[in-house]
Each structure stands twice: as C-alpha cells, then as structure tokens.
>>> print(open('start_9.csv').read())   # CSV, C-alpha atoms and all ligand atoms
chain,number,residue,atom,x,y,z
T,1,MET,CA,0.0,0.0,0.0
T,2,THR,CA,1.2,3.5,-0.9
T,3,PHE,CA,0.7,6.1,1.8
T,4,THR,CA,-0.4,9.6,1.0
T,5,LEU,CA,1.4,12.7,2.3
T,6,LEU,CA,0.3,16.3,2.3
T,7,ILE,CA,3.0,18.9,2.1
T,8,VAL,CA,2.1,22.4,3.1
T,9,ASP,CA,4.4,25.4,2.3
T,10,ASP,CA,3.9,28.9,0.9
T,11,GLU,CA,7.1,28.7,-1.1
T,12,THR,CA,6.9,26.8,-4.4
T,13,ASP,CA,10.6,25.9,-4.2
T,14,ASN,CA,10.1,24.1,-0.9
T,15,LEU,CA,7.1,22.2,-2.2
T,16,ARG,CA,9.1,21.2,-5.3
T,17,VAL,CA,12.2,20.0,-3.3
T,18,LEU,CA,10.2,18.1,-0.8
T,19,SER,CA,8.0,16.5,-3.4
T,20,ASN,CA,11.0,15.4,-5.3
T,21,ILE,CA,12.5,13.8,-2.2
T,22,LEU,CA,9.3,11.9,-1.3
T,23,LYS,CA,7.4,11.3,-4.5
T,24,ASP,CA,9.0,7.9,-5.3
T,25,ASP,CA,7.8,6.4,-2.0
T,26,TYR,CA,4.5,8.1,-1.4
T,27,ASN,CA,1.5,9.7,-3.1
T,28,VAL,CA,2.2,13.4,-2.6
T,29,LEU,CA,-0.5,16.1,-2.2
T,30,ILE,CA,0.5,19.8,-1.9
T,31,ALA,CA,-1.1,22.9,-0.4
T,32,LYS,CA,0.2,26.5,-0.7
T,33,ASN,CA,-1.6,27.9,2.4
T,34,GLY,CA,-3.3,26.9,5.6
T,35,HIS,CA,-6.9,27.1,4.3
T,36,GLN,CA,-6.1,24.8,1.4
T,37,ALA,CA,-4.3,22.4,3.7
T,38,LEU,CA,-7.3,22.1,6.0
T,39,GLN,CA,-9.6,21.4,3.1
T,40,ILE,CA,-7.4,18.8,1.5
T,41,ALA,CA,-6.6,17.1,4.9
T,42,ASP,CA,-10.3,16.8,5.7
T,43,LYS,CA,-11.2,15.5,2.3
T,44,GLN,CA,-8.3,13.3,1.3
T,45,GLN,CA,-7.3,12.0,4.7
T,46,PRO,CA,-3.5,11.9,4.1
T,47,SER,CA,-1.5,9.6,6.4
T,48,LEU,CA,1.0,12.3,7.3
T,49,ILE,CA,1.2,16.1,7.0
T,50,LEU,CA,4.4,18.1,6.5
T,51,LEU,CA,3.6,21.6,7.6
T,52,ASP,CA,5.5,24.8,7.2
T,53,VAL,CA,5.6,27.0,10.3
T,54,ILE,CA,5.9,30.4,8.8
T,55,MET,CA,3.2,31.2,6.2
T,56,PRO,CA,1.3,34.4,5.6
T,57,GLN,CA,-2.3,34.7,6.8
T,58,MET,CA,-2.4,31.4,8.6
T,59,SER,CA,0.7,30.1,10.4
T,60,GLY,CA,1.6,26.4,10.8
T,61,PHE,CA,0.8,26.7,14.5
T,62,GLN,CA,-2.7,27.9,13.6
T,63,VAL,CA,-3.2,25.1,11.1
T,64,ILE,CA,-2.2,22.4,13.5
T,65,LYS,CA,-4.6,23.8,16.1
T,66,GLU,CA,-7.4,23.5,13.5
T,67,LEU,CA,-6.3,20.0,12.5
T,68,LYS,CA,-6.3,18.8,16.1
T,69,GLY,CA,-9.7,20.4,16.7
T,70,ASN,CA,-11.4,18.5,13.9
T,71,PRO,CA,-12.3,14.9,14.7
T,72,SER,CA,-11.7,13.8,11.1
T,73,THR,CA,-8.1,15.2,11.0
T,74,GLN,CA,-7.0,15.1,14.7
T,75,ASP,CA,-5.2,11.8,14.4
T,76,ILE,CA,-3.2,12.6,11.3
T,77,PRO,CA,0.5,13.1,12.4
T,78,VAL,CA,2.1,16.4,11.6
T,79,ILE,CA,5.8,17.0,11.0
T,80,PHE,CA,6.7,20.7,11.1
T,81,ILE,CA,9.0,22.2,8.4
T,82,THR,CA,11.0,25.0,9.8
T,83,GLY,CA,13.9,27.2,9.1
T,84,LEU,CA,13.8,28.4,12.6
T,85,GLU,CA,16.7,27.6,14.9
T,86,SER,CA,14.7,28.5,17.9
T,87,SER,CA,14.1,25.7,20.5
T,88,ASP,CA,11.1,27.8,21.7
T,89,ASP,CA,9.4,27.3,18.4
T,90,GLU,CA,10.1,23.6,18.4
T,91,THR,CA,8.7,23.3,21.9
T,92,GLN,CA,5.6,25.2,20.9
T,93,GLY,CA,5.1,22.9,17.9
T,94,LEU,CA,5.6,19.8,19.8
T,95,ASN,CA,3.2,21.0,22.5
T,96,LEU,CA,0.6,21.6,19.9
T,97,GLY,CA,0.8,18.0,18.9
T,98,ALA,CA,3.5,17.8,16.1
T,99,VAL,CA,5.4,14.5,16.1
T,100,ASP,CA,8.7,15.8,14.6
T,101,TYR,CA,10.5,18.5,12.8
T,102,VAL,CA,12.5,18.8,9.5
T,103,SER,CA,14.5,21.9,9.0
T,104,LYS,CA,15.4,23.9,6.0
T,105,PRO,CA,17.6,23.6,4.0
T,106,PHE,CA,16.4,20.1,3.5
T,107,HIS,CA,18.8,17.2,3.9
T,108,HIS,CA,17.4,14.4,1.7
T,109,GLY,CA,18.4,11.5,4.0
T,110,ILE,CA,17.0,13.1,7.1
T,111,VAL,CA,13.7,14.1,5.5
T,112,LYS,CA,13.2,10.6,4.1
T,113,ALA,CA,14.1,8.9,7.4
T,114,ARG,CA,11.9,11.2,9.5
T,115,VAL,CA,8.9,10.6,7.2
T,116,LYS,CA,9.5,6.9,7.1
T,117,ASN,CA,9.6,6.7,10.9
T,118,GLN,CA,6.2,8.3,11.1
T,119,ILE,CA,4.7,6.3,8.3
T,120,ASP,CA,6.0,3.1,10.0
T,121,SER,CA,4.1,4.0,13.1
T,122,VAL,CA,1.0,4.8,11.1
T,123,ARG,CA,1.3,1.4,9.5
T,124,GLN,CA,1.6,-0.3,12.9
T,125,LYS,CA,-1.3,1.5,14.2
T,126,GLN,CA,-3.5,0.5,11.3
T,127,LEU,CA,-2.4,-3.1,11.7
T,128,LEU,CA,-3.3,-3.1,15.5
T,129,GLU,CA,-6.6,-1.5,14.6
T,130,GLN,CA,-7.4,-4.2,12.1
T,131,LEU,CA,-6.4,-7.0,14.6
T,132,ALA,CA,-8.5,-5.4,17.3
T,133,ASN,CA,-11.5,-5.7,15.0
T,134,ILE,CA,-11.2,-9.3,14.1
T,135,ASP,CA,-12.5,-12.4,15.8
T,136,VAL,CA,-9.7,-14.9,16.1
T,137,LEU,CA,-11.6,-18.1,15.6
T,138,THR,CA,-13.8,-17.2,12.6
T,139,GLU,CA,-11.7,-14.3,11.3
T,140,LEU,CA,-14.9,-12.3,10.9
T,141,PRO,CA,-15.2,-8.7,12.1
T,142,ASN,CA,-15.9,-8.8,15.8
T,143,ARG,CA,-18.3,-7.1,18.2
T,144,ARG,CA,-16.0,-4.0,18.5
T,145,LYS,CA,-16.1,-3.6,14.7
T,146,TRP,CA,-19.9,-4.0,14.7
T,147,LYS,CA,-20.1,-1.1,17.2
T,148,LEU,CA,-17.9,1.1,15.1
T,149,ASP,CA,-19.8,0.3,11.9
T,150,SER,CA,-23.2,0.6,13.4
T,151,GLU,CA,-22.4,4.2,14.4
T,152,ASN,CA,-21.5,5.0,10.8
T,153,LEU,CA,-24.1,3.4,8.7
T,154,PRO,CA,-24.9,6.1,6.1
T,155,SER,CA,-21.3,6.6,5.2
T,156,ILE,CA,-20.6,2.9,4.8
T,157,PHE,CA,-23.7,2.2,2.8
T,158,ASN,CA,-24.1,5.5,1.1
T,159,ASN,CA,-25.8,4.2,-2.1
T,160,TYR,CA,-28.7,2.5,-0.3
T,161,ASP,CA,-32.0,3.7,1.2
T,162,GLN,CA,-32.8,0.8,3.4
T,163,ILE,CA,-30.9,-1.2,6.0
T,164,SER,CA,-31.6,-4.5,7.6
T,165,VAL,CA,-30.1,-5.8,10.8
T,166,GLY,CA,-30.1,-9.5,11.4
T,167,ILE,CA,-29.2,-11.9,14.2
T,168,ILE,CA,-28.2,-15.5,13.4
T,169,ASP,CA,-28.0,-18.3,16.0
T,170,ILE,CA,-26.8,-21.8,15.2
T,171,ASP,CA,-29.5,-24.2,16.3
T,172,HIS,CA,-28.8,-26.5,19.2
T,173,PHE,CA,-25.1,-25.7,19.3
T,174,LYS,CA,-24.7,-26.8,22.8
T,175,LYS,CA,-26.0,-30.3,21.8
T,176,TYR,CA,-23.4,-30.2,18.9
T,177,ASN,CA,-20.5,-29.5,21.3
T,178,ASP,CA,-21.8,-32.1,23.8
T,179,HIS,CA,-21.9,-34.7,21.0
T,180,TYR,CA,-18.8,-33.9,18.9
T,181,GLY,CA,-16.6,-32.1,21.4
T,182,HIS,CA,-15.4,-28.5,21.5
T,183,ALA,CA,-12.7,-28.8,18.9
T,184,MET,CA,-15.2,-30.0,16.3
T,185,GLY,CA,-17.6,-27.3,17.6
T,186,ASP,CA,-15.0,-24.6,16.8
T,187,LYS,CA,-14.5,-26.1,13.4
T,188,VAL,CA,-18.1,-26.1,12.4
T,189,LEU,CA,-18.6,-22.6,13.9
T,190,SER,CA,-15.8,-21.4,11.7
T,191,SER,CA,-17.2,-23.2,8.7
T,192,VAL,CA,-20.7,-21.9,9.1
T,193,ALA,CA,-19.3,-18.4,9.6
T,194,GLN,CA,-17.5,-18.6,6.3
T,195,SER,CA,-20.7,-19.9,4.5
T,196,LEU,CA,-22.8,-17.1,6.1
T,197,ASN,CA,-20.2,-14.5,5.2
T,198,GLN,CA,-20.0,-15.5,1.6
T,199,PHE,CA,-23.8,-15.5,1.3
T,200,LEU,CA,-24.1,-12.1,2.8
T,201,ILE,CA,-21.1,-10.6,0.9
T,202,ASN,CA,-22.8,-11.7,-2.3
T,203,LEU,CA,-25.8,-9.6,-1.3
T,204,GLY,CA,-23.7,-6.6,-0.3
T,205,GLY,CA,-23.9,-7.2,3.4
T,206,ARG,CA,-21.5,-7.5,6.3
T,207,LEU,CA,-21.3,-10.3,8.9
T,208,TYR,CA,-19.9,-10.0,12.5
T,209,ARG,CA,-19.4,-12.5,15.2
T,210,PHE,CA,-21.3,-11.3,18.2
T,211,GLY,CA,-20.2,-13.9,20.6
T,212,GLY,CA,-20.6,-17.7,21.1
T,213,GLU,CA,-22.6,-19.1,18.3
T,214,GLU,CA,-24.3,-15.8,17.5
T,215,PHE,CA,-23.7,-13.6,14.5
T,216,ILE,CA,-25.0,-10.2,13.5
T,217,PHE,CA,-25.3,-8.9,10.0
T,218,LEU,CA,-26.0,-5.6,8.2
T,219,LEU,CA,-27.7,-5.8,4.8
T,220,PRO,CA,-28.2,-2.7,2.8
T,221,SER,CA,-30.8,-2.6,0.1
T,222,ILE,CA,-32.7,-0.3,-2.2
T,223,GLN,CA,-36.5,-0.5,-2.4
T,224,ALA,CA,-36.7,-1.7,-5.9
T,225,SER,CA,-34.2,-4.6,-5.3
T,226,ASN,CA,-35.0,-8.1,-4.4
T,227,THR,CA,-32.3,-8.3,-1.7
T,228,LEU,CA,-34.8,-8.9,1.0
T,229,ASP,CA,-36.3,-11.8,-0.9
T,230,LYS,CA,-32.9,-13.4,-1.4
T,231,ILE,CA,-32.0,-13.2,2.3
T,232,GLY,CA,-34.9,-15.6,2.9
T,233,GLN,CA,-32.7,-18.3,1.4
T,234,LEU,CA,-30.1,-17.9,4.1
T,235,THR,CA,-31.4,-20.8,6.2
T,236,ASP,CA,-31.6,-23.1,3.2
T,237,HIS,CA,-28.1,-22.2,2.2
T,238,ILE,CA,-26.8,-23.3,5.6
T,239,GLU,CA,-28.8,-26.5,5.6
T,240,LYS,CA,-27.4,-27.3,2.2
T,241,SER,CA,-23.9,-27.0,3.5
T,242,GLU,CA,-24.7,-30.3,5.2
T,243,HIS,CA,-22.6,-30.3,8.4
T,244,PRO,CA,-23.8,-33.4,10.2
T,245,HIS,CA,-25.6,-32.7,13.5
T,246,ALA,CA,-26.6,-36.0,14.9
T,247,ASN,CA,-28.2,-34.6,18.1
T,248,SER,CA,-30.3,-31.8,16.6
T,249,PRO,CA,-34.0,-32.2,17.1
T,250,VAL,CA,-34.5,-29.9,14.0
T,251,SER,CA,-32.5,-31.6,11.2
T,252,LYS,CA,-29.8,-34.1,10.6
T,253,VAL,CA,-27.5,-31.2,9.7
T,254,VAL,CA,-26.5,-27.9,11.2
T,255,THR,CA,-29.2,-25.2,10.8
T,256,VAL,CA,-29.6,-21.6,11.9
T,257,SER,CA,-32.4,-19.4,13.1
T,258,VAL,CA,-32.5,-15.7,12.1
T,259,GLY,CA,-34.4,-12.6,13.1
T,260,LEU,CA,-34.3,-9.6,10.7
T,261,CYS,CA,-35.5,-6.1,11.0
T,262,THR,CA,-35.5,-3.6,8.1
T,263,GLN,CA,-35.8,0.2,8.2
T,264,GLU,CA,-35.1,3.3,6.2
T,265,LEU,CA,-31.4,4.2,6.2
T,266,THR,CA,-30.8,7.7,7.5
T,267,THR,CA,-28.5,9.3,10.1
T,268,GLU,CA,-31.3,8.7,12.5
T,269,THR,CA,-31.8,5.0,11.9
T,270,PRO,CA,-32.4,3.5,15.4
T,271,ILE,CA,-29.9,0.7,15.1
T,272,LYS,CA,-30.1,-0.4,18.7
T,273,ARG,CA,-33.9,-0.7,18.6
T,274,MET,CA,-33.6,-2.6,15.3
T,275,LEU,CA,-31.2,-5.0,16.9
T,276,GLU,CA,-33.6,-5.6,19.8
T,277,GLN,CA,-36.5,-6.2,17.3
T,278,ALA,CA,-34.3,-8.7,15.4
T,279,ASP,CA,-33.5,-10.4,18.7
T,280,GLU,CA,-37.2,-10.7,19.6
T,281,LEU,CA,-37.8,-12.3,16.1
T,282,LEU,CA,-34.9,-14.7,16.6
T,283,TYR,CA,-36.5,-15.7,19.9
T,284,GLN,CA,-39.8,-16.2,18.1
T,285,ALA,CA,-38.0,-18.2,15.3
T,286,LYS,CA,-36.6,-20.5,18.0
T,287,LYS,CA,-40.0,-21.0,19.6
T,288,ASN,CA,-41.5,-21.7,16.2
T,289,GLY,CA,-39.2,-24.7,15.7
T,290,ARG,CA,-35.9,-23.1,14.5
T,291,ASN,CA,-34.2,-23.4,11.1
T,292,GLN,CA,-36.1,-20.3,9.9
T,293,LEU,CA,-35.9,-16.6,9.2
T,294,LEU,CA,-38.4,-14.2,10.7
T,295,GLN,CA,-38.5,-10.7,9.2
T,296,VAL,CA,-40.1,-7.5,10.2
T,297,ASP,CA,-40.3,-4.5,7.9
T,298,THR,CA,-40.8,-1.1,9.7
T,299,LEU,CA,-40.0,1.2,6.8
T,300,THR,CA,-42.5,3.8,7.9
T,301,ASP,CA,-44.1,4.4,11.3
T,302,ARG,CA,-47.5,3.7,9.8
T,303,ARG,CA,-46.6,0.2,8.6
T,304,LYS,CA,-46.0,-2.2,11.4
T,305,ALA,CA,-44.9,-5.8,11.1
T,306,LYS,CA,-45.5,-6.5,7.5
T,307,SER,CA,-44.3,-9.9,6.5
T,308,VAL,CA,-43.2,-13.1,8.1
T,309,ILE,CA,-41.5,-15.5,5.9
T,401,MG,MG,7.1,29.6,4.8
>>> encode(input="start_9.csv", output="structure tokens")
Amino acid sequence: MTFTLLIVDDETDNLRVLSNILKDDYNVLIAKNGHQALQIADKQQPSLILLDVIMPQMSGFQVIKELKGNPSTQDIPVIFITGLESSDDETQGLNLGAVDYVSKPFHHGIVKARVKNQIDSVRQKQLLEQLANIDVLTELPNRRKWKLDSENLPSIFNNYDQISVGIIDIDHFKKYNDHYGHAMGDKVLSSVAQSLNQFLINLGGRLYRFGGEEFIFLLPSIQASNTLDKIGQLTDHIEKSEHPHANSPVSKVVTVSVGLCTQELTTETPIKRMLEQADELLYQAKKNGRNQLLQVDTLTDRRKAKSVI
C-alpha cells in the first residue's frame, strides 16, 4: 500500500524540493496555504502532513490547532517544516501535537528517514486497529467492529435507502458441542461463519461474530431490489452446507435461526432498537421450531410488522 502525504508550504521551491525527495515512495499532495491544507486534509485524509511553520495569513501553528480540533483530522500526524533555529518554536510545535521537525535547507536523507519513521508507526497503528476488529476463531469482524460500523451506517452504505439488521444463531449448538466435542464445535462454527459470510457478501452485506454461536449482519438494500427476498434463502443455504448434527431435534445437519429487521437508512436509523427487534424475532423463530428466518419491515411508522416468511 502506498501512503499519501500532504506537504504544506507557501514557497513553491520548498514544495518542489520536498515533493522530489518523497514522490517515489509516497503519493504526494500539496497545499500552498493553511486554508487549502485544512480542506485537503479533511477530504483526502493523508497519512502524514508536513507543515511549514511560517506562512502568511495562517501560520503552521494555527493550522495544527485547527487540524487537532477537527475529529476527522485530529489523528493525522504532523511534521513541522522549519527554518527556525529556535528551540522555543520547536517546543511550541511539539506542545501543539506535532510529532517531529524537519529543517530547511532540506537534507534528503533526514527528510526521508523522519517521514519513514512516522509512516511506519501509522502502518503499525493500522495493523493493530485491524487486529482489534477481528474475531480470532472465525476471522470475521468482531463485536467491536460492529459497534464502530453501526455508528457509521450512512457513510458505509451511502448508495442505499434501506438497512436490515439480522441476528443469526446456530440451532442447538450446545448439543453439537456435547456430542462432537469443542474442537469440532469450533471447526463447524468457523465453517458456518464462512458460509454465512459468503452468502451475505454476495448480497452486499457484512457479517460480524457477536459472541458464542451468535452472529449479526448488516444488509443494505434499495427499495426496488429483491435483496430482502434473497435473504430468505439464508437458512436453506446453511442447511445445504450439510454439516452433520446427529443430536439436533431440528434436522440431521447444522441449521440456523434468524431474526431480521429492516428500516429506512438515515443518520437517525435507530440501530439499537432494530437489533432488539431482530433479537425478539430470533427468539420467536426458535420458539416456532428453528431453522427459519423471521422478518419485520418497519420502513415507515405507519406500517407495522409486515411480512413473516
Ligand atoms: Mg514559509
């Protein structure tokens, strides 16, 4: 992966020299003043900003204050570019949240090394972030990732007007573990997770492991599409995977029960309430004999529970 840097300097010569030093290793964006820098940083989300201290109108110190005050740019590391030999200025910059300095005139080796150090820590941070969001057994996104995504639905699914939240539970999983042992239990859990994931990805959805043998999914749709019809085939899909389950009162193979709630997708979508509704339906599906999907469509306040498959 190639990382993107934003270089901010009011002098064209400095922009040119720094770009030449760094352009072989990174995507380089440039800005000639503070206002431009703030706009580009917000929109393009560079991995690192090299920021000149002395600029007319808006100084580098003012720019970093703005960057740190904006949630969408506050975590982008900033290296100050300075010709100043004053340790007071360096102190001020570091106190404002800069991670390092490079000084003019530029020394190629030093600029490259300082930028690389910061990009290495950006890379490590991203890796840790990814690991923190993955369930080790199934390799699915975990509950933490669910929480992050569920707070950000309109931007993740920005081309859709409806969102469904589903909860899936493997039927009689305790009986499976009792009969086959926990090692086999883990194996089948992992395998069912992969089948569910593939099925949902094909429909444009995302699956998460919620805990134990329980999964949650998000499924975006548009009103004219038949996505919601296709999700009805989820339980058949798992049954056809034919993982033997000798002790299941429902079937000879592993099956799942699903509760699903659909609503309009807006910034106000009450995702927690939808999850509770899906959970109630899952409970109902289990009471009804399992191996089934129950669905409620509450797209408008006027329409209540519409269809039960
Ligand atoms: Mg300057």
>>> residues_near_ligand(input="start_9.csv", ligand="ligand MG 401 (chain T)", cutoff="6 Å", atoms="all atoms listed in the file", output="ChimeraX atom specification")
/T:9-11,52,54-55
>>> write_last_selection(input="start_9.csv", atoms="C-alpha atoms", output="short mmCIF file (atom, residue, chain, number, x, y, z; two decimals), in the frame of the given file")
data_model
loop_
_atom_site.label_atom_id
_atom_site.label_comp_id
_atom_site.auth_asym_id
_atom_site.auth_seq_id
_atom_site.Cartn_x
_atom_site.Cartn_y
_atom_site.Cartn_z
CA ASP T 9 4.40 25.40 2.30
CA ASP T 10 3.90 28.90 0.90
CA GLU T 11 7.10 28.70 -1.10
CA ASP T 52 5.50 24.80 7.20
CA ILE T 54 5.90 30.40 8.80
CA MET T 55 3.20 31.20 6.20
#
>>> residues_around(input="start_9.csv", residues="region 105-113 of chain T", least_positions_apart="4", cutoff="7 Å", atoms="all atoms listed in the file", output="JSON, numbers by chain")
{"T": [21, 22, 117]}
>>> atom_distance(input="start_9.csv", atom1="CA of Gly166 (chain T)", atom2="CA of Gln295 (chain T)")
8.8 Å
>>> closest_residue(input="start_9.csv", among="T:Ala37, T:Val8, T:Ile30, T:Leu294", to="Ile81 (chain T)", atoms="all atoms listed in the file")
T:Val8
>>> residues_near_point(input="start_9.csv", point="(-9.8, -14.2, 9.5)", cutoff="12 Å", atoms="all atoms listed in the file", output="ChimeraX atom specification")
/T:130-142,190-191,193-194,197,208-209
>>> write_last_selection(input="start_9.csv", atoms="C-alpha atoms", output="PDB file, in the frame of the given file")
ATOM      1  CA  GLN T 130      -7.400  -4.200  12.100  1.00  0.00           C
ATOM      2  CA  LEU T 131      -6.400  -7.000  14.600  1.00  0.00           C
ATOM      3  CA  ALA T 132      -8.500  -5.400  17.300  1.00  0.00           C
ATOM      4  CA  ASN T 133     -11.500  -5.700  15.000  1.00  0.00           C
ATOM      5  CA  ILE T 134     -11.200  -9.300  14.100  1.00  0.00           C
ATOM      6  CA  ASP T 135     -12.500 -12.400  15.800  1.00  0.00           C
ATOM      7  CA  VAL T 136      -9.700 -14.900  16.100  1.00  0.00           C
ATOM      8  CA  LEU T 137     -11.600 -18.100  15.600  1.00  0.00           C
ATOM      9  CA  THR T 138     -13.800 -17.200  12.600  1.00  0.00           C
ATOM     10  CA  GLU T 139     -11.700 -14.300  11.300  1.00  0.00           C
ATOM     11  CA  LEU T 140     -14.900 -12.300  10.900  1.00  0.00           C
ATOM     12  CA  PRO T 141     -15.200  -8.700  12.100  1.00  0.00           C
ATOM     13  CA  ASN T 142     -15.900  -8.800  15.800  1.00  0.00           C
ATOM     14  CA  SER T 190     -15.800 -21.400  11.700  1.00  0.00           C
ATOM     15  CA  SER T 191     -17.200 -23.200   8.700  1.00  0.00           C
ATOM     16  CA  ALA T 193     -19.300 -18.400   9.600  1.00  0.00           C
ATOM     17  CA  GLN T 194     -17.500 -18.600   6.300  1.00  0.00           C
ATOM     18  CA  ASN T 197     -20.200 -14.500   5.200  1.00  0.00           C
ATOM     19  CA  TYR T 208     -19.900 -10.000  12.500  1.00  0.00           C
ATOM     20  CA  ARG T 209     -19.400 -12.500  15.200  1.00  0.00           C
TER      21      ARG T 209
END
>>> residues_around(input="start_9.csv", residues="Leu51 (chain T)", least_positions_apart="4", cutoff="9 Å", atoms="all atoms listed in the file", output="PyMOL selection string")
chain T and resi 6-9+34+37+60+63-64+78-82
>>> atom_distance(input="start_9.csv", atom1="CA of Phe3 (chain T)", atom2="CA of Lys68 (chain T)")
20.4 Å
>>> axis_aligned_box(input="start_9.csv", around="region 264-270 of chain T", padding_each_side="5 Å", output="JSON")
{"center_x": -31.8, "center_y": 6.3, "center_z": 10.8, "size_x": 16.6, "size_y": 16.0, "size_z": 19.2}
>>> atom_distance(input="start_9.csv", atom1="CA of Asp149 (chain T)", atom2="CA of Leu293 (chain T)")
23.5 Å
>>> closest_residue(input="start_9.csv", among="T:Val250, T:Pro46, T:Tyr283, T:Phe215", to="Arg143 (chain T)", atoms="all atoms listed in the file")
T:Phe215
>>> closest_residue(input="start_9.csv", among="T:Glu129, T:Asp89, T:Asp42, T:Glu239", to="Ile76 (chain T)", atoms="only C-alpha atoms")
T:Asp42
>>> residues_around(input="start_9.csv", residues="His179 (chain T)", least_positions_apart="5", cutoff="9 Å", atoms="only C-alpha atoms", output="PyMOL selection string")
chain T and resi 174+245-247
>>> residues_around(input="start_9.csv", residues="Leu228 (chain T)", least_positions_apart="2", cutoff="9 Å", atoms="all atoms listed in the file", output="short mmCIF file (atom, residue, chain, number, x, y, z; two decimals) with C-alpha atoms, keeping the file's coordinate frame")
data_model
loop_
_atom_site.label_atom_id
_atom_site.label_comp_id
_atom_site.auth_asym_id
_atom_site.auth_seq_id
_atom_site.Cartn_x
_atom_site.Cartn_y
_atom_site.Cartn_z
CA SER T 164 -31.60 -4.50 7.60
CA LEU T 219 -27.70 -5.80 4.80
CA SER T 221 -30.80 -2.60 0.10
CA SER T 225 -34.20 -4.60 -5.30
CA ASN T 226 -35.00 -8.10 -4.40
CA LYS T 230 -32.90 -13.40 -1.40
CA ILE T 231 -32.00 -13.20 2.30
CA GLY T 232 -34.90 -15.60 2.90
CA THR T 262 -35.50 -3.60 8.10
#
>>> closest_residue(input="start_9.csv", among="T:Val165, T:Ile238, T:Met1, T:Val188", to="Lys272 (chain T)", atoms="all atoms listed in the file")
T:Val165
>>> residues_around(input="start_9.csv", residues="Arg206 (chain T)", least_positions_apart="4", cutoff="7 Å", atoms="all atoms listed in the file", output="VMD selection string")
chain T and resid 200 to 201 217 to 219
>>> closest_residue(input="start_9.csv", among="T:Ser72, T:Gln57, T:Ser47, T:Ser150", to="Val122 (chain T)", atoms="all atoms listed in the file")
T:Ser47
>>> closest_residue(input="start_9.csv", among="T:Leu48, T:Val192, T:Ile271, T:Val28", to="Ser121 (chain T)", atoms="all atoms listed in the file")
T:Leu48
>>> residues_near_point(input="start_9.csv", point="(-32.6, -19.4, 13.6)", cutoff="12 Å", atoms="all atoms listed in the file", output="PyMOL selection string")
chain T and resi 166-173+213-216+232+234-236+238-239+250+254-260+278-295
>>> decode(input="start_9.csv", residues="region 194-209 of chain T", atoms="N, CA and C atoms", output="PDB file, in the first residue's frame")
ATOM      1  N   GLN T 194     -18.013 -18.906   7.637  1.00  0.00           N
ATOM      2  CA  GLN T 194     -17.544 -18.630   6.269  1.00  0.00           C
ATOM      3  C   GLN T 194     -18.693 -18.711   5.262  1.00  0.00           C
ATOM      4  N   SER T 195     -19.567 -19.721   5.428  1.00  0.00           N
ATOM      5  CA  SER T 195     -20.717 -19.857   4.516  1.00  0.00           C
ATOM      6  C   SER T 195     -21.640 -18.655   4.620  1.00  0.00           C
ATOM      7  N   LEU T 196     -21.930 -18.259   5.857  1.00  0.00           N
ATOM      8  CA  LEU T 196     -22.807 -17.098   6.079  1.00  0.00           C
ATOM      9  C   LEU T 196     -22.186 -15.843   5.470  1.00  0.00           C
ATOM     10  N   ASN T 197     -20.882 -15.721   5.703  1.00  0.00           N
ATOM     11  CA  ASN T 197     -20.184 -14.532   5.237  1.00  0.00           C
ATOM     12  C   ASN T 197     -20.241 -14.424   3.715  1.00  0.00           C
ATOM     13  N   GLN T 198     -19.985 -15.540   3.042  1.00  0.00           N
ATOM     14  CA  GLN T 198     -20.004 -15.535   1.583  1.00  0.00           C
ATOM     15  C   GLN T 198     -21.393 -15.182   1.059  1.00  0.00           C
ATOM     16  N   PHE T 199     -22.385 -15.783   1.673  1.00  0.00           N
ATOM     17  CA  PHE T 199     -23.775 -15.535   1.270  1.00  0.00           C
ATOM     18  C   PHE T 199     -24.106 -14.042   1.402  1.00  0.00           C
ATOM     19  N   LEU T 200     -23.710 -13.460   2.529  1.00  0.00           N
ATOM     20  CA  LEU T 200     -24.053 -12.058   2.796  1.00  0.00           C
ATOM     21  C   LEU T 200     -23.226 -11.088   1.960  1.00  0.00           C
ATOM     22  N   ILE T 201     -21.958 -11.423   1.760  1.00  0.00           N
ATOM     23  CA  ILE T 201     -21.121 -10.562   0.927  1.00  0.00           C
ATOM     24  C   ILE T 201     -21.688 -10.498  -0.493  1.00  0.00           C
ATOM     25  N   ASN T 202     -22.183 -11.648  -0.988  1.00  0.00           N
ATOM     26  CA  ASN T 202     -22.791 -11.661  -2.324  1.00  0.00           C
ATOM     27  C   ASN T 202     -24.002 -10.744  -2.428  1.00  0.00           C
ATOM     28  N   LEU T 203     -24.655 -10.504  -1.306  1.00  0.00           N
ATOM     29  CA  LEU T 203     -25.821  -9.606  -1.310  1.00  0.00           C
ATOM     30  C   LEU T 203     -25.433  -8.169  -0.939  1.00  0.00           C
ATOM     31  N   GLY T 204     -24.135  -7.938  -0.709  1.00  0.00           N
ATOM     32  CA  GLY T 204     -23.673  -6.591  -0.345  1.00  0.00           C
ATOM     33  C   GLY T 204     -23.671  -6.341   1.160  1.00  0.00           C
ATOM     34  N   GLY T 205     -23.814  -7.401   1.955  1.00  0.00           N
ATOM     35  CA  GLY T 205     -23.907  -7.235   3.404  1.00  0.00           C
ATOM     36  C   GLY T 205     -22.588  -7.462   4.131  1.00  0.00           C
ATOM     37  N   ARG T 206     -22.642  -7.314   5.447  1.00  0.00           N
ATOM     38  CA  ARG T 206     -21.468  -7.548   6.296  1.00  0.00           C
ATOM     39  C   ARG T 206     -21.875  -8.394   7.483  1.00  0.00           C
ATOM     40  N   LEU T 207     -21.033  -9.361   7.805  1.00  0.00           N
ATOM     41  CA  LEU T 207     -21.306 -10.276   8.923  1.00  0.00           C
ATOM     42  C   LEU T 207     -20.297 -10.048  10.045  1.00  0.00           C
ATOM     43  N   TYR T 208     -20.776 -10.167  11.284  1.00  0.00           N
ATOM     44  CA  TYR T 208     -19.915  -9.993  12.467  1.00  0.00           C
ATOM     45  C   TYR T 208     -20.156 -11.153  13.409  1.00  0.00           C
ATOM     46  N   ARG T 209     -19.121 -11.575  14.128  1.00  0.00           N
ATOM     47  CA  ARG T 209     -19.371 -12.545  15.199  1.00  0.00           C
ATOM     48  C   ARG T 209     -19.707 -11.752  16.450  1.00  0.00           C
TER      49      ARG T 209
END
